[in-house]
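Single-structure report; data block below.
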Amino acid sequence: MAGMSFKGIDFVMGAITDDKGVLIADPDKGGLGQKGIALWDGDGDGATTANITALEEAGQQQYANNKVKRINHGIPTPQVALTMLDIPYEDASKMVGYETVNGGRVLGSKKPHVALLIASHDFDGNWFFDCFANGEMIIPTRNHGTSNKNETDSNATFTYQAMAPIPNNVFVNSDGSQQAYKAYNTGDSSWTSYEAMLKEVFGGYSGDNPMASYIPASGTSSFTNTNQSNVNKPTA
């Protein structure tokens with residue numbers, strides 16, 4: 001059974017798409033990782049928090065005959081406050097749009113299109129994915145503090161503002177209205193495959209599944225990495 005509540009944050013994945021919403025796979029042309037999708041789980045790398053807000057706005061009540069007759073709903077404007085324990089400098093610079101100039105990096109005039117996937121799991125052991133196919137990433141602040149007998153760390157913080165996907169056939173509801181956010185749960189009766197999800201979220205991606213090194217959690221225990229013995233990889 002798929003649950004709506006979840007725990008922890010297993011990882012965050014990101015990609016950059018072009019002005020047509022197509023994945024940029026080549027890192028030399030602005031893509032992330034080796035094939036266009038980055039899953040940050042290296043030595044010291046990984047997500048600390050990913051707080052999503054404004055998935056929906058409270059409706060505006062409309063009155064007639066001294067009663068509430070209608071509730072008007074505006075367009076959702078999702079936003080993610082993302083904190084990383086660490087993330088490769090190259091990937092972070094590309095996502096926020098910093099360009100290499102004279103040996104350093106300076107903010108460019110145009111923001112890249114960033115797709116984002118946040119992975120957790122529900123209390124029945126199913127993967128739960130919060131997905132955004134298009135948005136812009138900024139680094140709003142950078143805080144420094146002196147170390148004393150305790151080390152003062154400053155983890156990388158980002159703000160992600162979601163936009164409508166560029167291809168008009170992505171994240172469309174049954175009424176034909178396009179949305180900025182889509183959720184997937186592997187225990188949902190409508191779940192199809194990891195490959196189908198990655199293709200829709202990340203601009204047509206069709207390569208290897210970056211999550212193949214993990215298996216879905218069992219029961220309420222945490223997921224297990226496949227570099228341990230006696231575990232199986234997930235089936236799509």
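Following the order of the structure tokens, chains are lettered A, B, ..., residues in each are numbered from 1, and ligands are numbered from 1.
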
Task: Residue contacts of Ala162 of chain A (9 Å, only C-alpha atoms) excluding same-chain residues fewer than 3 positions away, as a PyMOL selection string - done: chain A and resi 77-80+114-115+132-137+165+180-181

Open item on the list: Report as a count of residues only all protein, DNA and RNA residues lying within 8 Å of Phe158 of chain A, evaluated on only C-alpha atoms, omitting residues in the same chain fewer than 6 positions from it.
Closed with: 7

Open item on the list: So, with only C-alpha atoms as the atoms that count, which of A:Val96, A:Val22, A:Ile71, A:Ala2 lies closest to Val170 of chain A?
Closed with: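 Once distances to Val170 of chain A are computed over only C-alpha atoms, the minimum belongs to A:Val22.
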
TODO: Mind giving me the straight-line distance from atom CA of Tyr205 of chain A to atom CA of Gly36 of chain A in Å, one decimal?
DONE: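 That distance, rounded to one decimal, is 8.2 Å.
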
TODO: Work out how far apart atom CA of Gly125 of chain A and atom CA of Asp45 of chain A are and give it in Å to one decimal.
DONE: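 One can read the atom CA of Gly125 of chain A to atom CA of Asp45 of chain A distance as 23.9 Å.
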
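With only C-alpha atoms as the atoms that count, the residue of A:Gln60, A:Lys111, A:Lys67, A:Gly33 with the shortest distance to Tyr89 of chain A is A:Gly33.
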
Task: Those of segment 71-229 of chain A in DSSP helix (DSSP H, G or I), formatted as a PyMOL selection string - done: chain A and resi 89-96+194-201+210-213

At a cut-off of 9 Å, using only C-alpha atoms, what residues contact Ser93 of chain A? Leave out same-chain residues fewer than 6 positions from it and give the result as a PDB file with all heavy atoms, in the first residue's frame.
```pdb
ATOM      1  N   GLU A  99      29.042  31.529 -14.903  1.00  0.00           N
ATOM      2  CA  GLU A  99      29.888  31.284 -16.065  1.00  0.00           C
ATOM      3  C   GLU A  99      31.361  31.422 -15.694  1.00  0.00           C
ATOM      4  O   GLU A  99      31.732  32.206 -14.829  1.00  0.00           O
ATOM      5  CB  GLU A  99      29.557  32.295 -17.168  1.00  0.00           C
ATOM      6  CG  GLU A  99      28.110  32.282 -17.614  1.00  0.00           C
ATOM      7  CD  GLU A  99      27.788  33.428 -18.553  1.00  0.00           C
ATOM      8  OE1 GLU A  99      28.602  34.398 -18.599  1.00  0.00           O
ATOM      9  OE2 GLU A  99      26.755  33.374 -19.232  1.00  0.00           O
ATOM     10  N   ARG A 105      34.261  32.406 -11.578  1.00  0.00           N
ATOM     11  CA  ARG A 105      32.884  32.236 -12.060  1.00  0.00           C
ATOM     12  C   ARG A 105      32.047  33.450 -11.657  1.00  0.00           C
ATOM     13  O   ARG A 105      32.110  33.911 -10.517  1.00  0.00           O
ATOM     14  CB  ARG A 105      32.269  30.954 -11.508  1.00  0.00           C
ATOM     15  CG  ARG A 105      32.936  29.685 -12.057  1.00  0.00           C
ATOM     16  CD  ARG A 105      32.284  28.417 -11.529  1.00  0.00           C
ATOM     17  NE  ARG A 105      33.007  27.230 -11.976  1.00  0.00           N
ATOM     18  CZ  ARG A 105      32.653  26.478 -13.020  1.00  0.00           C
ATOM     19  NH1 ARG A 105      31.587  26.794 -13.727  1.00  0.00           N
ATOM     20  NH2 ARG A 105      33.349  25.418 -13.358  1.00  0.00           N
ATOM     21  N   LEU A 107      27.998  35.294 -12.225  1.00  0.00           N
ATOM     22  CA  LEU A 107      26.609  35.005 -12.576  1.00  0.00           C
ATOM     23  C   LEU A 107      26.310  35.482 -13.987  1.00  0.00           C
ATOM     24  O   LEU A 107      26.572  36.631 -14.344  1.00  0.00           O
ATOM     25  CB  LEU A 107      25.665  35.688 -11.585  1.00  0.00           C
ATOM     26  CG  LEU A 107      24.174  35.359 -11.711  1.00  0.00           C
ATOM     27  CD1 LEU A 107      23.919  33.876 -11.469  1.00  0.00           C
ATOM     28  CD2 LEU A 107      23.360  36.207 -10.736  1.00  0.00           C
TER      29      LEU A 107
END
```

TODO: Write down as number ranges by chain the residues of segment 110-227 of chain A whose backbone DSSP state falls under strand (DSSP E).
DONE: A: 113-122, 127-132, 135-138, 156-162, 182-185, 214-215, 224-225

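Between atom CA of Ile16 of chain A and atom CA of Met211 of chain A the interatomic distance comes to 18.1 Å.
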
Open item on the list: Measuring between only C-alpha atoms, which one of A:Pro76, A:Gly108, A:Gly187, A:Cys131 shows the shortest distance to Glu200 of chain A?
Closed with: A:Cys131

Quick one: contact table of segment 125-192 of chain A to segment 4-10 of chain A, 12 Å max, nearest atom pair and distance in Å to one decimal per residue, counting only C-alpha atoms, chain and number order, as JSON lines?
```
{"residue": "A:Gly125", "atom": "CA", "partner": "A:Phe6", "partner_atom": "CA", "distance": 9.2}
{"residue": "A:Asn126", "atom": "CA", "partner": "A:Phe6", "partner_atom": "CA", "distance": 9.2}
{"residue": "A:Trp127", "atom": "CA", "partner": "A:Phe6", "partner_atom": "CA", "distance": 9.0}
{"residue": "A:Phe128", "atom": "CA", "partner": "A:Phe6", "partner_atom": "CA", "distance": 7.4}
{"residue": "A:Phe129", "atom": "CA", "partner": "A:Asp10", "partner_atom": "CA", "distance": 10.0}
{"residue": "A:Asp130", "atom": "CA", "partner": "A:Ile9", "partner_atom": "CA", "distance": 10.9}
{"residue": "A:Ala183", "atom": "CA", "partner": "A:Met4", "partner_atom": "CA", "distance": 10.4}
{"residue": "A:Tyr184", "atom": "CA", "partner": "A:Met4", "partner_atom": "CA", "distance": 10.6}
{"residue": "A:Asn185", "atom": "CA", "partner": "A:Met4", "partner_atom": "CA", "distance": 8.9}
{"residue": "A:Thr186", "atom": "CA", "partner": "A:Met4", "partner_atom": "CA", "distance": 11.8}
{"residue": "A:Gly187", "atom": "CA", "partner": "A:Met4", "partner_atom": "CA", "distance": 10.6}
{"residue": "A:Asp188", "atom": "CA", "partner": "A:Met4", "partner_atom": "CA", "distance": 10.3}
```

Next, the residues of the selection above should be written as a CSV table (one decimal), in the first residue's frame with C-alpha atoms.
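As written to disk, again00.csv reads:
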```
chain,number,residue,atom,x,y,z
A,125,GLY,CA,8.7,1.0,2.1
A,126,ASN,CA,7.7,2.5,-1.2
A,127,TRP,CA,9.8,5.2,-2.9
A,128,PHE,CA,8.2,8.6,-2.9
A,129,PHE,CA,9.4,11.1,-5.5
A,130,ASP,CA,8.6,14.9,-5.6
A,183,ALA,CA,4.5,13.1,-7.4
A,184,TYR,CA,5.3,9.5,-8.0
A,185,ASN,CA,5.0,6.6,-5.5
A,186,THR,CA,6.2,3.1,-6.5
A,187,GLY,CA,3.3,1.6,-4.5
A,188,ASP,CA,0.7,3.5,-6.4
```

TODO: Name the closest residue to Leu117 of chain A among the candidates A:Val172, A:Val101, A:Ile24, A:Leu39; distances are taken between atoms, counting only C-alpha atoms.
DONE: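 Using only C-alpha atoms, Leu117 of chain A sits closest to A:Leu39.
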
Task: Of the listed residues A:Gln161, A:Asp208, A:Lys94, A:Lys29, that which approaches Leu55 of chain A most closely, counting only C-alpha atoms - done: A:Gln161
